[in-house]
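Presented below is the structure to which this report refers.
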Amino acid sequence: MTIERAIPTDHDVLTAITKRSKAYWGYSQEQLQEWDALLTFTPEYITNTETYKLVSEGVAIGYYSVFVADPQTLKLDNLFIVPEFISKGFGKKLMEHLFEKAALYKCAAILLDSDPNAESFYSRFGFVTIGQIENAHKTRFLPVMKKSL
């Protein structure tokens with residue numbers, strides 16, 4: 001099991017992981033189709049963020065992406081795991097890697113907009129809900145979470 005920097009040609013693999021993982025939470029096909037553009041990765045996105053994939057036996061089974069929001073804050077933009085590997089400790093591996101990266105940046109905090117189904121996952125790592133934000137399609141609200149470092 002390794003965590004590797006994603007490259008632009010990984011965009012289709014990351015898109016597939018994202019869509020499969022989102023579907024795991026029981027969202028309807030209609031919702032998933034409505035969110036298609038938000039769940040689709042481009043090579044440019046991977047170039048412009050730090051995106052790391054979790055690889056097992058040569059296959060990506062999860063990933064996260066992060067960018068510097070301001071000099072003191074990292075923004076966790078995505079974290080997804082293939083459904084067969086959810087609740088098996090692989091999300092923890094990605095979070096530990098994220099915290100190592102955050103230490104290198106000497107950031108004071110990490111922010112994220114959580115899927116409501118993942119709020120308890122992030123809480124286990126010390127993230128606190130500090131508000132909510134309406135999603136891009138204005139169909140639901142997402143918890144805004146912060147972890148001080």
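Letters for chains follow the order of the structure tokens (A, B, ...), residue numbers begin at 1 for each chain, and ligand numbers begin at 1 in the order shown.
For Leu14 in chain A, the set of protein, DNA and RNA residues having any atom at most 12 Å away, when counting only C-alpha atoms and skipping those fewer than 6 positions along the same chain, is Ala6, Ile7, Pro8, Arg20, Ser21, Leu39, Thr40, Phe41, Thr42, Pro43, Tyr45, Ile46, Thr51, Tyr52, Lys53, Leu54, Val55, Val59, Ala60, Ile61, Gly62, Tyr63, Tyr64, Ser65, Asn78, Leu79, Phe80, Ile81 and Val82 of chain A.
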Problem set entry | Those in chain A with helix (DSSP H, G or I) from DSSP, as a ChimeraX atom specification | /A:8-24,29-34,43-48,83-85,90-105,116-123
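The shortest atom-to-atom distance to Arg5 in chain A, with only C-alpha atoms taken into account, belongs to A:Val66 out of A:Leu112, A:Leu104, A:Leu142, A:Val66.
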For this session: Looking only at strand (DSSP E or B) from DSSP on the backbone, list the matching residues of range 22-101 of chain A as a PyMOL selection string.
Result: chain A and resi 50-56+59-70+73-81
Take the residues from that selection and write them out as a tab-separated table (two decimals), in the first residue's frame, keeping N, CA, C and O atoms.
chain	number	residue	atom	x	y	z
A	50	GLU	N	-2.74	19.66	-4.96
A	50	GLU	CA	-1.94	18.51	-4.53
A	50	GLU	C	-2.94	17.36	-4.38
A	50	GLU	O	-3.79	17.41	-3.49
A	51	THR	N	-2.83	16.39	-5.24
A	51	THR	CA	-3.74	15.26	-5.22
A	51	THR	C	-2.91	14.00	-5.02
A	51	THR	O	-1.95	13.76	-5.74
A	52	TYR	N	-3.30	13.21	-4.01
A	52	TYR	CA	-2.57	12.00	-3.66
A	52	TYR	C	-3.51	10.81	-3.74
A	52	TYR	O	-4.63	10.85	-3.21
A	53	LYS	N	-3.04	9.74	-4.37
A	53	LYS	CA	-3.85	8.53	-4.50
A	53	LYS	C	-3.27	7.42	-3.63
A	53	LYS	O	-2.06	7.31	-3.47
A	54	LEU	N	-4.17	6.63	-3.07
A	54	LEU	CA	-3.82	5.47	-2.28
A	54	LEU	C	-3.85	4.27	-3.21
A	54	LEU	O	-4.90	3.99	-3.82
A	55	VAL	N	-2.73	3.59	-3.36
A	55	VAL	CA	-2.59	2.52	-4.34
A	55	VAL	C	-2.36	1.19	-3.64
A	55	VAL	O	-1.48	1.07	-2.77
A	56	SER	N	-3.16	0.21	-4.01
A	56	SER	CA	-3.02	-1.15	-3.50
A	56	SER	C	-2.89	-2.09	-4.69
A	56	SER	O	-3.77	-2.12	-5.56
A	59	VAL	N	-3.43	-0.57	-8.08
A	59	VAL	CA	-4.74	0.02	-8.39
A	59	VAL	C	-5.07	1.10	-7.36
A	59	VAL	O	-4.94	0.86	-6.15
A	60	ALA	N	-5.50	2.26	-7.84
A	60	ALA	CA	-5.91	3.34	-6.93
A	60	ALA	C	-7.23	2.96	-6.28
A	60	ALA	O	-8.19	2.60	-6.96
A	61	ILE	N	-7.26	3.03	-4.94
A	61	ILE	CA	-8.48	2.69	-4.20
A	61	ILE	C	-9.03	3.89	-3.43
A	61	ILE	O	-10.08	3.79	-2.81
A	62	GLY	N	-8.34	5.00	-3.49
A	62	GLY	CA	-8.80	6.21	-2.82
A	62	GLY	C	-7.86	7.35	-3.15
A	62	GLY	O	-6.83	7.16	-3.79
A	63	TYR	N	-8.25	8.54	-2.71
A	63	TYR	CA	-7.41	9.72	-2.96
A	63	TYR	C	-7.90	10.88	-2.11
A	63	TYR	O	-9.00	10.85	-1.54
A	64	TYR	N	-7.06	11.90	-2.04
A	64	TYR	CA	-7.50	13.18	-1.50
A	64	TYR	C	-6.82	14.28	-2.29
A	64	TYR	O	-5.79	14.07	-2.93
A	65	SER	N	-7.43	15.46	-2.27
A	65	SER	CA	-6.84	16.63	-2.91
A	65	SER	C	-6.92	17.80	-1.95
A	65	SER	O	-7.88	17.93	-1.18
A	66	VAL	N	-5.89	18.64	-2.01
A	66	VAL	CA	-5.77	19.75	-1.08
A	66	VAL	C	-5.11	20.92	-1.80
A	66	VAL	O	-4.34	20.72	-2.74
A	67	PHE	N	-5.42	22.12	-1.35
A	67	PHE	CA	-4.74	23.30	-1.87
A	67	PHE	C	-4.60	24.32	-0.76
A	67	PHE	O	-5.29	24.25	0.27
A	68	VAL	N	-3.70	25.27	-0.95
A	68	VAL	CA	-3.48	26.33	0.03
A	68	VAL	C	-4.58	27.37	-0.16
A	68	VAL	O	-4.69	27.99	-1.22
A	69	ALA	N	-5.40	27.54	0.87
A	69	ALA	CA	-6.49	28.53	0.81
A	69	ALA	C	-5.96	29.92	1.14
A	69	ALA	O	-6.40	30.91	0.57
A	70	ASP	N	-5.06	29.98	2.10
A	70	ASP	CA	-4.35	31.21	2.46
A	70	ASP	C	-3.08	30.76	3.18
A	70	ASP	O	-2.91	29.57	3.43
A	73	THR	N	-3.81	28.35	6.03
A	73	THR	CA	-4.89	27.37	5.94
A	73	THR	C	-4.80	26.51	4.69
A	73	THR	O	-4.66	27.02	3.58
A	74	LEU	N	-4.92	25.21	4.91
A	74	LEU	CA	-5.08	24.26	3.79
A	74	LEU	C	-6.55	23.95	3.64
A	74	LEU	O	-7.29	23.92	4.64
A	75	LYS	N	-6.97	23.72	2.42
A	75	LYS	CA	-8.36	23.33	2.16
A	75	LYS	C	-8.36	21.90	1.62
A	75	LYS	O	-7.78	21.63	0.57
A	76	LEU	N	-8.98	21.00	2.37
A	76	LEU	CA	-9.17	19.64	1.89
A	76	LEU	C	-10.36	19.68	0.95
A	76	LEU	O	-11.49	19.94	1.38
A	77	ASP	N	-10.12	19.49	-0.32
A	77	ASP	CA	-11.16	19.65	-1.33
A	77	ASP	C	-11.92	18.36	-1.59
A	77	ASP	O	-13.10	18.38	-1.87
A	78	ASN	N	-11.22	17.23	-1.51
A	78	ASN	CA	-11.84	15.92	-1.77
A	78	ASN	C	-11.13	14.85	-0.97
A	78	ASN	O	-9.92	14.93	-0.76
A	79	LEU	N	-11.88	13.85	-0.55
A	79	LEU	CA	-11.32	12.62	0.00
A	79	LEU	C	-12.35	11.54	-0.28
A	79	LEU	O	-13.47	11.61	0.22
A	80	PHE	N	-11.97	10.58	-1.08
A	80	PHE	CA	-12.88	9.50	-1.46
A	80	PHE	C	-12.15	8.17	-1.44
A	80	PHE	O	-10.97	8.09	-1.79
A	81	ILE	N	-12.89	7.13	-1.08
A	81	ILE	CA	-12.39	5.75	-1.03
A	81	ILE	C	-13.37	4.89	-1.84
A	81	ILE	O	-14.58	5.08	-1.76
Exercise. Which residues come within 12 Å of Gly126 in chain A, counting only C-alpha atoms, excluding same-chain residues fewer than 6 positions away, as a ChimeraX atom specification?
Worked result: /A:95,99,109-111,119-120,145-149
Write the residues of the preceding selection, restricted to N, CA and C atoms, as a PDB file, in the first residue's frame.
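Output contents, as saved in out-v5.pdb:
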ATOM      1  N   MET A  95      -5.825  10.470   5.834  1.00  0.00           N
ATOM      2  CA  MET A  95      -5.837  11.600   6.764  1.00  0.00           C
ATOM      3  C   MET A  95      -4.464  11.785   7.421  1.00  0.00           C
ATOM      4  N   PHE A  99      -2.141  15.143   7.266  1.00  0.00           N
ATOM      5  CA  PHE A  99      -1.588  15.861   8.412  1.00  0.00           C
ATOM      6  C   PHE A  99      -0.074  16.026   8.286  1.00  0.00           C
ATOM      7  N   ALA A 109      -4.371  25.616  10.267  1.00  0.00           N
ATOM      8  CA  ALA A 109      -5.655  24.928  10.227  1.00  0.00           C
ATOM      9  C   ALA A 109      -5.884  24.266   8.872  1.00  0.00           C
ATOM     10  N   ILE A 110      -6.789  23.308   8.896  1.00  0.00           N
ATOM     11  CA  ILE A 110      -7.291  22.678   7.674  1.00  0.00           C
ATOM     12  C   ILE A 110      -8.799  22.886   7.663  1.00  0.00           C
ATOM     13  N   LEU A 111      -9.316  23.343   6.539  1.00  0.00           N
ATOM     14  CA  LEU A 111     -10.759  23.527   6.353  1.00  0.00           C
ATOM     15  C   LEU A 111     -11.268  22.523   5.332  1.00  0.00           C
ATOM     16  N   GLU A 119     -19.413  13.640   7.917  1.00  0.00           N
ATOM     17  CA  GLU A 119     -19.137  14.558   9.031  1.00  0.00           C
ATOM     18  C   GLU A 119     -18.580  13.816  10.252  1.00  0.00           C
ATOM     19  N   SER A 120     -19.141  12.672  10.588  1.00  0.00           N
ATOM     20  CA  SER A 120     -18.651  11.933  11.761  1.00  0.00           C
ATOM     21  C   SER A 120     -17.238  11.392  11.527  1.00  0.00           C
ATOM     22  N   MET A 145     -16.135  22.374   8.084  1.00  0.00           N
ATOM     23  CA  MET A 145     -15.413  21.862   9.236  1.00  0.00           C
ATOM     24  C   MET A 145     -13.986  22.413   9.265  1.00  0.00           C
ATOM     25  N   LYS A 146     -13.436  22.491  10.478  1.00  0.00           N
ATOM     26  CA  LYS A 146     -12.086  23.033  10.657  1.00  0.00           C
ATOM     27  C   LYS A 146     -11.348  22.205  11.706  1.00  0.00           C
ATOM     28  N   LYS A 147     -10.072  22.023  11.440  1.00  0.00           N
ATOM     29  CA  LYS A 147      -9.176  21.419  12.428  1.00  0.00           C
ATOM     30  C   LYS A 147      -8.016  22.371  12.631  1.00  0.00           C
ATOM     31  N   SER A 148      -7.838  22.796  13.863  1.00  0.00           N
ATOM     32  CA  SER A 148      -6.692  23.638  14.200  1.00  0.00           C
ATOM     33  C   SER A 148      -5.486  22.727  14.408  1.00  0.00           C
ATOM     34  N   LEU A 149      -4.352  23.185  13.924  1.00  0.00           N
ATOM     35  CA  LEU A 149      -3.135  22.369  14.036  1.00  0.00           C
ATOM     36  C   LEU A 149      -2.172  22.952  15.056  1.00  0.00           C
TER      37      LEU A 149
END
